Amino acid sequence: MSTTPTLQDVLNQIDTSLPAATDRLMALLRIPSISTDPAFKGDVANAADWLVDELNSLGFEATSRPTPGHPMVVAHAKGGAGPHILFYGHYDVQPVDPLNLWDRPPFEPALEETEKGTVIRGRGTADDKGQLMTFVEACRAYRDITGTLPGPITIFLEGEEESGSPSLVPFMVENADELRADVALICDTGMFDADTPAITTQLRGLLGEEITIKAATRDLHSGHFGGAAQNPIRVLTKILASLHDETGRITVPGFYDGVPEISNALRAQWEDLGFDDKAFLGDVGLSIPAGEQGRTVLEQIWARPTCEFNGILGGYTGDGFKTVLPAEASAKVSFRLVGTQDPLAIRESFRALVRAMVPADCEVEFHGHGASPASVMSTDSQLFAQARQALTDEWPRPAAFIGAGGSIPIAGYFKTYLGMDAMLIGFGLEDDQIHSPNEKYDLRAFHKGTRSWARILGKIYGVE
């Protein structure tokens with residue numbers, strides 16, 4: 001065994017062992033670790049134990065840690081010099097309903113040939129077992145070639161991500177000294193496209209609000225009371241319509257406090273991606289961007305805040321027609337946040353705006369549905385530059401720093417509770433059908449994702 005291996009030796013090992021690595025992933029995929037359903041509690045624990053055994057076999061000191069919910073897997077490798085990195089993934093999966101829409105049993109994974117290449121089909125392939133195993137297999141390749149792991153690495157795997165992570169923050173707070181590292185690596189995201197790797201450096205926050213307008217003590221006949229009685233639907237829709245102006249900007253007072261402009265360098269990088277606005281909207285039957293005027297679609301979905309209506313309820317909505325004035329009407333409103341926007345301040349400003357628009361004959365009730373700030377990572381550190389170069393070396397197109405329209409709370413938790421930035425690097429694609437029937441993960445993504453982590457570790461720990 002070579003004591004001075006090259007990175008190419010490690011990459012060759014990954015290539016040679018791909019069939020065995022795929023078999024190991026298949027074994028993990030067969031465990032139905034559905035965290036939201038108590039009937040699968042034992043299976044979730046079995047998945048944690050499976051991972052502990054695998055990590056211990058690679059030279060980690062791995063344990064399954066109990067929580068009030070499902071176990072956390074924590075593993076440490078102390079060997080070598082260099083930055084201490086923490087890798088995060090989750091081993092629980094979404095439920096499989098509706099089962100009749102699956103082309104094969106969701107926990108009987110298999111390789112399938114498609115017009116785009118070979119895919120691994122089954123629940124959890126892309127979200128997140130296939131993704132986390134790319135990192136584990138990269139570590140395995142280093143162990144196989146060098147006899148050890150390349151540097152100080154902690155692996156932190158969660159079993160409740162798909163059920164809201166109720167145990168995550170308490171566990172992180174209680175074990176902060178053990179988990180704290182120089183940087184966190186999160187593999188629960190995707191590529192920009194099939195040939196362009198990405199490091200997600202900004203995530204939008206999320207504020208959820210439900211408002212209910214109440215008027216009369218009961219539903220009223222519109223022939224008897226129409227015109228004289230206040231209609232909660234009319235009040236509600238007037239409020240909702242007032243939340244955007246004619247240019248698409250949001251009218252909540254103070255809403256844009258803390259919203260930054262993206263840098264010229266980042267803007268140029270995004271322009272170089274060749275994002276097709278028309279194709280993006282055309283794929284869902286649309287053609288005209290509906291956000292803030294003067295902003296590109298990428299800006300609108302990655303770097304600008306939003307106010308959207310996710311559901312409206314009021315009156316009679318069944319078959320046929322019923323001439324009724326409802327006693328109440330409600331709407332669910334979500335705000336995606338960027339920069340340093342304060343979700344709690346926005347909540348209070350939004351509620352004050354609504355209260356001011358409610359007529360004296362009505363009352364309003366509010367129900368909050370979570371409030372988390374945006375996450376913006378500093379890309380100035382050498383680690384980000386090393387990771388970006390490593391990804392560029394592996395894939396056909398240069399790696400990009402990108403934003404994400406959605407919210408991944410774990411990145412913010414690492415910053416808030418452990419004081420460290422996170423690099424979000426994943427190899428999923430838009431058509432992976434995560435959370436849906438027939439989920440898949442491209443075999444190419446699994447293979448090159450493993451090679452990518454090997455290159456990143458090589459850059460970080462000086463393996464040339």
# chains A, B, ... in the order shown; residues from 1 in each chain; ligands from 1
>>> residues_around(residues="stretch 333-350 of chain A", least_positions_apart="3", cutoff="8 Å", atoms="only C-alpha atoms", output="ChimeraX atom specification")
/A:203-211,252-260,303-311,353-354,371-376,405-406
>>> write_last_selection(atoms="C-alpha atoms", output="mmCIF file, in the first residue's frame")
data_model
loop_
_atom_site.group_PDB
_atom_site.id
_atom_site.type_symbol
_atom_site.label_atom_id
_atom_site.label_comp_id
_atom_site.auth_asym_id
_atom_site.auth_seq_id
_atom_site.Cartn_x
_atom_site.Cartn_y
_atom_site.Cartn_z
ATOM 1 C CA LEU A 203 -30.670 30.408 0.892
ATOM 2 C CA ARG A 204 -33.864 32.318 1.331
ATOM 3 C CA GLY A 205 -35.494 32.375 4.745
ATOM 4 C CA LEU A 206 -39.173 31.661 5.274
ATOM 5 C CA LEU A 207 -42.015 33.286 7.186
ATOM 6 C CA GLY A 208 -45.422 31.639 7.195
ATOM 7 C CA GLU A 209 -48.613 33.427 8.240
ATOM 8 C CA GLU A 210 -52.248 32.333 8.282
ATOM 9 C CA ILE A 211 -54.897 35.038 8.613
ATOM 10 C CA VAL A 252 -45.448 45.721 3.873
ATOM 11 C CA PRO A 253 -43.761 48.646 5.683
ATOM 12 C CA GLY A 254 -40.066 48.012 6.298
ATOM 13 C CA PHE A 255 -40.144 44.824 4.248
ATOM 14 C CA TYR A 256 -37.025 45.659 2.225
ATOM 15 C CA ASP A 257 -34.877 46.510 5.248
ATOM 16 C CA GLY A 258 -31.826 44.276 4.988
ATOM 17 C CA VAL A 259 -32.324 43.291 1.327
ATOM 18 C CA PRO A 260 -28.930 43.578 -0.431
ATOM 19 C CA ALA A 303 -31.810 36.786 -4.471
ATOM 20 C CA ARG A 304 -35.093 38.669 -4.040
ATOM 21 C CA PRO A 305 -37.750 38.343 -1.327
ATOM 22 C CA THR A 306 -41.312 37.304 -2.108
ATOM 23 C CA CYS A 307 -44.842 37.386 -0.771
ATOM 24 C CA GLU A 308 -47.017 34.553 -2.067
ATOM 25 C CA PHE A 309 -50.513 33.266 -1.342
ATOM 26 C CA ASN A 310 -50.492 29.515 -0.804
ATOM 27 C CA GLY A 311 -54.137 28.886 -0.067
ATOM 28 C CA LEU A 353 -50.964 46.333 8.056
ATOM 29 C CA VAL A 354 -53.727 43.720 8.106
ATOM 30 C CA ALA A 371 -40.034 32.115 10.951
ATOM 31 C CA SER A 372 -36.444 31.593 9.835
ATOM 32 C CA PRO A 373 -33.958 34.123 8.428
ATOM 33 C CA ALA A 374 -32.030 33.767 5.195
ATOM 34 C CA SER A 375 -28.565 32.186 5.146
ATOM 35 C CA VAL A 376 -25.769 33.935 3.268
ATOM 36 C CA GLY A 405 -35.089 29.771 -3.824
ATOM 37 C CA GLY A 406 -36.037 27.350 -1.091
#
>>> residues_around(residues="A:Leu101", least_positions_apart="5", cutoff="10 Å", atoms="only C-alpha atoms", output="PDB file with C-alpha atoms, in the first residue's frame")
ATOM      1  CA  VAL A  96     -44.096   6.664  -0.489  1.00  0.00           C
ATOM      2  CA  SER A 436     -42.629  11.973  -5.448  1.00  0.00           C
ATOM      3  CA  PRO A 437     -43.231   8.495  -6.839  1.00  0.00           C
ATOM      4  CA  ASN A 438     -40.403   6.981  -8.906  1.00  0.00           C
TER       5      ASN A 438
END
>>> select_by_dssp(residues="stretch 82-325 of chain A", states="alpha helix (DSSP H)", output="ChimeraX atom specification")
/A:130-146,168-174,176-179,222-225,232-241,264-272,277-282,297-302
>>> select_by_dssp(residues="stretch 230-309 of chain A", states="strand (DSSP E or B)", output="number ranges by chain")
A: 244, 250, 306-309
>>> closest_residue(among="A:Val93, A:Ala411, A:Ala327, A:Ile153", to="A:Gly59", atoms="only C-alpha atoms")
A:Ile153
>>> closest_residue(among="A:His84, A:His367, A:His435, A:Lys78", to="A:Asp182", atoms="only C-alpha atoms")
A:His84
>>> closest_residue(among="A:Gly248, A:Pro326, A:Pro109, A:Pro409", to="A:Lys214", atoms="only C-alpha atoms")
A:Pro326
>>> residues_around(residues="stretch 157-165 of chain A", least_positions_apart="3", cutoff="7 Å", atoms="only C-alpha atoms", output="list in words")
Ser35, Thr36, Val44, His70, Pro71, Met72, Val73, Val74, Tyr88, Gly89, His90, Tyr91, Asp92, Val93, Gln94 and Leu168 of chain A
>>> write_last_selection(atoms="N, CA and C atoms", output="PDB file, in the first residue's frame")
ATOM      1  N   SER A  35     -39.377   8.651   8.528  1.00  0.00           N
ATOM      2  CA  SER A  35     -39.359   9.226   9.880  1.00  0.00           C
ATOM      3  C   SER A  35     -40.713   9.755  10.328  1.00  0.00           C
ATOM      4  N   THR A  36     -41.595  10.078   9.398  1.00  0.00           N
ATOM      5  CA  THR A  36     -42.876  10.691   9.777  1.00  0.00           C
ATOM      6  C   THR A  36     -43.892   9.681  10.295  1.00  0.00           C
ATOM      7  N   VAL A  44     -36.047   3.153  10.996  1.00  0.00           N
ATOM      8  CA  VAL A  44     -35.184   4.331  11.072  1.00  0.00           C
ATOM      9  C   VAL A  44     -33.972   4.019  11.943  1.00  0.00           C
ATOM     10  N   HIS A  70     -35.883  10.302  16.550  1.00  0.00           N
ATOM     11  CA  HIS A  70     -35.034   9.298  15.912  1.00  0.00           C
ATOM     12  C   HIS A  70     -33.558   9.594  16.163  1.00  0.00           C
ATOM     13  N   PRO A  71     -32.691   8.578  16.030  1.00  0.00           N
ATOM     14  CA  PRO A  71     -31.284   8.759  16.400  1.00  0.00           C
ATOM     15  C   PRO A  71     -30.527   9.705  15.471  1.00  0.00           C
ATOM     16  N   MET A  72     -29.505  10.338  16.035  1.00  0.00           N
ATOM     17  CA  MET A  72     -28.481  11.039  15.277  1.00  0.00           C
ATOM     18  C   MET A  72     -27.274  10.101  15.157  1.00  0.00           C
ATOM     19  N   VAL A  73     -26.620  10.128  14.018  1.00  0.00           N
ATOM     20  CA  VAL A  73     -25.378   9.385  13.843  1.00  0.00           C
ATOM     21  C   VAL A  73     -24.237  10.396  13.859  1.00  0.00           C
ATOM     22  N   VAL A  74     -23.281  10.187  14.749  1.00  0.00           N
ATOM     23  CA  VAL A  74     -22.119  11.078  14.853  1.00  0.00           C
ATOM     24  C   VAL A  74     -20.865  10.222  14.750  1.00  0.00           C
ATOM     25  N   TYR A  88     -22.694  16.944   6.845  1.00  0.00           N
ATOM     26  CA  TYR A  88     -24.075  16.686   7.271  1.00  0.00           C
ATOM     27  C   TYR A  88     -24.884  16.063   6.133  1.00  0.00           C
ATOM     28  N   GLY A  89     -25.695  15.091   6.483  1.00  0.00           N
ATOM     29  CA  GLY A  89     -26.707  14.538   5.575  1.00  0.00           C
ATOM     30  C   GLY A  89     -27.837  13.970   6.409  1.00  0.00           C
ATOM     31  N   HIS A  90     -28.855  13.469   5.771  1.00  0.00           N
ATOM     32  CA  HIS A  90     -29.936  12.820   6.526  1.00  0.00           C
ATOM     33  C   HIS A  90     -30.276  11.482   5.887  1.00  0.00           C
ATOM     34  N   TYR A  91     -30.568  10.509   6.758  1.00  0.00           N
ATOM     35  CA  TYR A  91     -30.806   9.152   6.289  1.00  0.00           C
ATOM     36  C   TYR A  91     -32.282   8.761   6.321  1.00  0.00           C
ATOM     37  N   ASP A  92     -33.140   9.661   6.809  1.00  0.00           N
ATOM     38  CA  ASP A  92     -34.570   9.358   6.762  1.00  0.00           C
ATOM     39  C   ASP A  92     -35.132   9.767   5.408  1.00  0.00           C
ATOM     40  N   VAL A  93     -36.297   9.227   5.071  1.00  0.00           N
ATOM     41  CA  VAL A  93     -36.887   9.465   3.754  1.00  0.00           C
ATOM     42  C   VAL A  93     -38.351   9.841   3.895  1.00  0.00           C
ATOM     43  N   GLN A  94     -38.891  10.353   2.808  1.00  0.00           N
ATOM     44  CA  GLN A  94     -40.307  10.702   2.729  1.00  0.00           C
ATOM     45  C   GLN A  94     -41.180   9.443   2.640  1.00  0.00           C
ATOM     46  N   LEU A 168     -33.241  18.300  16.252  1.00  0.00           N
ATOM     47  CA  LEU A 168     -31.959  18.749  15.715  1.00  0.00           C
ATOM     48  C   LEU A 168     -31.334  19.870  16.534  1.00  0.00           C
TER      49      LEU A 168
END
